Amino acid sequence: MKTAQYNKVCYWTEQREEPVVLRNLKTGEIGVSFGCTEAGETVQVRLATGELDSWERTECSETTH
């Protein structure tokens with residue numbers, strides 16, 4: 001995702017406390033955002049299995065599914 005979209009996802013997740021559904025472009029996994037790390041440009045996500053993961057901004061995109 002581009003920087004502007006990353007900033008939007010982080011804003012919705014951290015300021016509005018509304019998680020965003022994301023897809024990992026490398027693995028195809030779906031996760032729900034719960035935090036961001038601006039220094040490393042990563043998004044922390046909770047997977048459907050309940051596991052937690054961290055995805056780089058460039059390897060994920062917002063999804064509506």
# chains A, B, ... in the order shown; residues from 1 in each chain; ligands from 1
$ residues_around --residues "stretch 30-44 of chain A" --least-positions-apart "5" --cutoff "6 Å" --atoms "only C-alpha atoms" --output "PDB file with N, CA and C atoms, in the first residue's frame"
ATOM      1  N   CYS A  10      -3.597   3.538   9.640  1.00  0.00           N
ATOM      2  CA  CYS A  10      -3.111   3.782  11.008  1.00  0.00           C
ATOM      3  C   CYS A  10      -4.011   4.764  11.749  1.00  0.00           C
ATOM      4  N   PRO A  19     -10.799  -1.116  13.559  1.00  0.00           N
ATOM      5  CA  PRO A  19      -9.863  -1.964  12.819  1.00  0.00           C
ATOM      6  C   PRO A  19     -10.176  -1.990  11.328  1.00  0.00           C
ATOM      7  N   VAL A  20      -9.133  -2.215  10.539  1.00  0.00           N
ATOM      8  CA  VAL A  20      -9.246  -2.266   9.085  1.00  0.00           C
ATOM      9  C   VAL A  20      -8.865  -3.678   8.634  1.00  0.00           C
ATOM     10  N   VAL A  21      -9.633  -4.244   7.716  1.00  0.00           N
ATOM     11  CA  VAL A  21      -9.337  -5.574   7.187  1.00  0.00           C
ATOM     12  C   VAL A  21      -8.293  -5.436   6.081  1.00  0.00           C
ATOM     13  N   LEU A  22      -7.210  -6.203   6.210  1.00  0.00           N
ATOM     14  CA  LEU A  22      -6.104  -6.139   5.261  1.00  0.00           C
ATOM     15  C   LEU A  22      -5.810  -7.514   4.687  1.00  0.00           C
ATOM     16  N   ARG A  23      -5.209  -7.526   3.495  1.00  0.00           N
ATOM     17  CA  ARG A  23      -4.766  -8.769   2.867  1.00  0.00           C
ATOM     18  C   ARG A  23      -3.258  -8.665   2.662  1.00  0.00           C
ATOM     19  N   ASP A  53       0.456 -10.943  13.942  1.00  0.00           N
ATOM     20  CA  ASP A  53       1.540 -10.843  12.974  1.00  0.00           C
ATOM     21  C   ASP A  53       1.797  -9.369  12.700  1.00  0.00           C
ATOM     22  N   SER A  54       2.907  -9.086  12.048  1.00  0.00           N
ATOM     23  CA  SER A  54       3.278  -7.735  11.668  1.00  0.00           C
ATOM     24  C   SER A  54       3.614  -7.745  10.182  1.00  0.00           C
ATOM     25  N   TRP A  55       2.954  -6.891   9.405  1.00  0.00           N
ATOM     26  CA  TRP A  55       3.148  -6.845   7.964  1.00  0.00           C
ATOM     27  C   TRP A  55       3.723  -5.493   7.577  1.00  0.00           C
ATOM     28  N   GLU A  56       4.681  -5.521   6.653  1.00  0.00           N
ATOM     29  CA  GLU A  56       5.233  -4.285   6.119  1.00  0.00           C
ATOM     30  C   GLU A  56       4.183  -3.583   5.258  1.00  0.00           C
ATOM     31  N   ARG A  57       4.265  -2.293   5.223  1.00  0.00           N
ATOM     32  CA  ARG A  57       3.311  -1.481   4.450  1.00  0.00           C
ATOM     33  C   ARG A  57       3.250  -1.937   2.994  1.00  0.00           C
TER      34      ARG A  57
END
$ select_by_dssp --residues "stretch 7-61 of chain A" --states "alpha helix (DSSP H)" --output "JSON, numbers by chain"
{"A": [7, 8, 9, 10]}
$ write_last_selection --atoms "C-alpha atoms" --output "PDB file, in the first residue's frame"
ATOM      1  CA  ASN A   7      -1.437   6.649   7.119  1.00  0.00           C
ATOM      2  CA  LYS A   8      -5.211   6.299   6.683  1.00  0.00           C
ATOM      3  CA  VAL A   9      -5.189   2.718   7.999  1.00  0.00           C
ATOM      4  CA  CYS A  10      -3.111   3.782  11.008  1.00  0.00           C
TER       5      CYS A  10
END
$ atom_distance --atom1 "atom CA of A:Leu52" --atom2 "atom CA of A:Lys26"
16.6 Å
$ atom_distance --atom1 "atom CA of A:Ser61" --atom2 "atom CA of A:Met1"
5.3 Å
$ atom_distance --atom1 "atom CA of A:Leu47" --atom2 "atom CA of A:Glu29"
7.6 Å
$ select_by_dssp --residues "chain A" --states "strand (DSSP E or B)" --output "PyMOL selection string"
chain A and resi 21-24+30-37+42-47+52-56+60-62
$ closest_residue --among "A:Arg16, A:Tyr11, A:Asn24, A:Thr49" --to "A:Glu62" --atoms "only C-alpha atoms"
A:Asn24
$ residues_around --residues "A:Leu25" --least-positions-apart "6" --cutoff "9 Å" --atoms "only C-alpha atoms" --output "PyMOL selection string"
chain A and resi 58-61
$ write_last_selection --atoms "N, CA and C atoms" --output "short mmCIF file (atom, residue, chain, number, x, y, z; two decimals), in the first residue's frame"
data_model
loop_
_atom_site.label_atom_id
_atom_site.label_comp_id
_atom_site.auth_asym_id
_atom_site.auth_seq_id
_atom_site.Cartn_x
_atom_site.Cartn_y
_atom_site.Cartn_z
N THR A 58 4.40 -2.28 2.42
CA THR A 58 4.45 -2.61 1.00
C THR A 58 3.89 -3.99 0.67
N GLU A 59 3.68 -4.84 1.70
CA GLU A 59 3.20 -6.20 1.42
C GLU A 59 1.73 -6.41 1.77
N CYS A 60 0.99 -5.34 2.01
CA CYS A 60 -0.42 -5.53 2.32
C CYS A 60 -1.28 -4.48 1.64
N SER A 61 -2.56 -4.77 1.55
CA SER A 61 -3.52 -3.83 0.97
C SER A 61 -4.83 -3.94 1.73
#
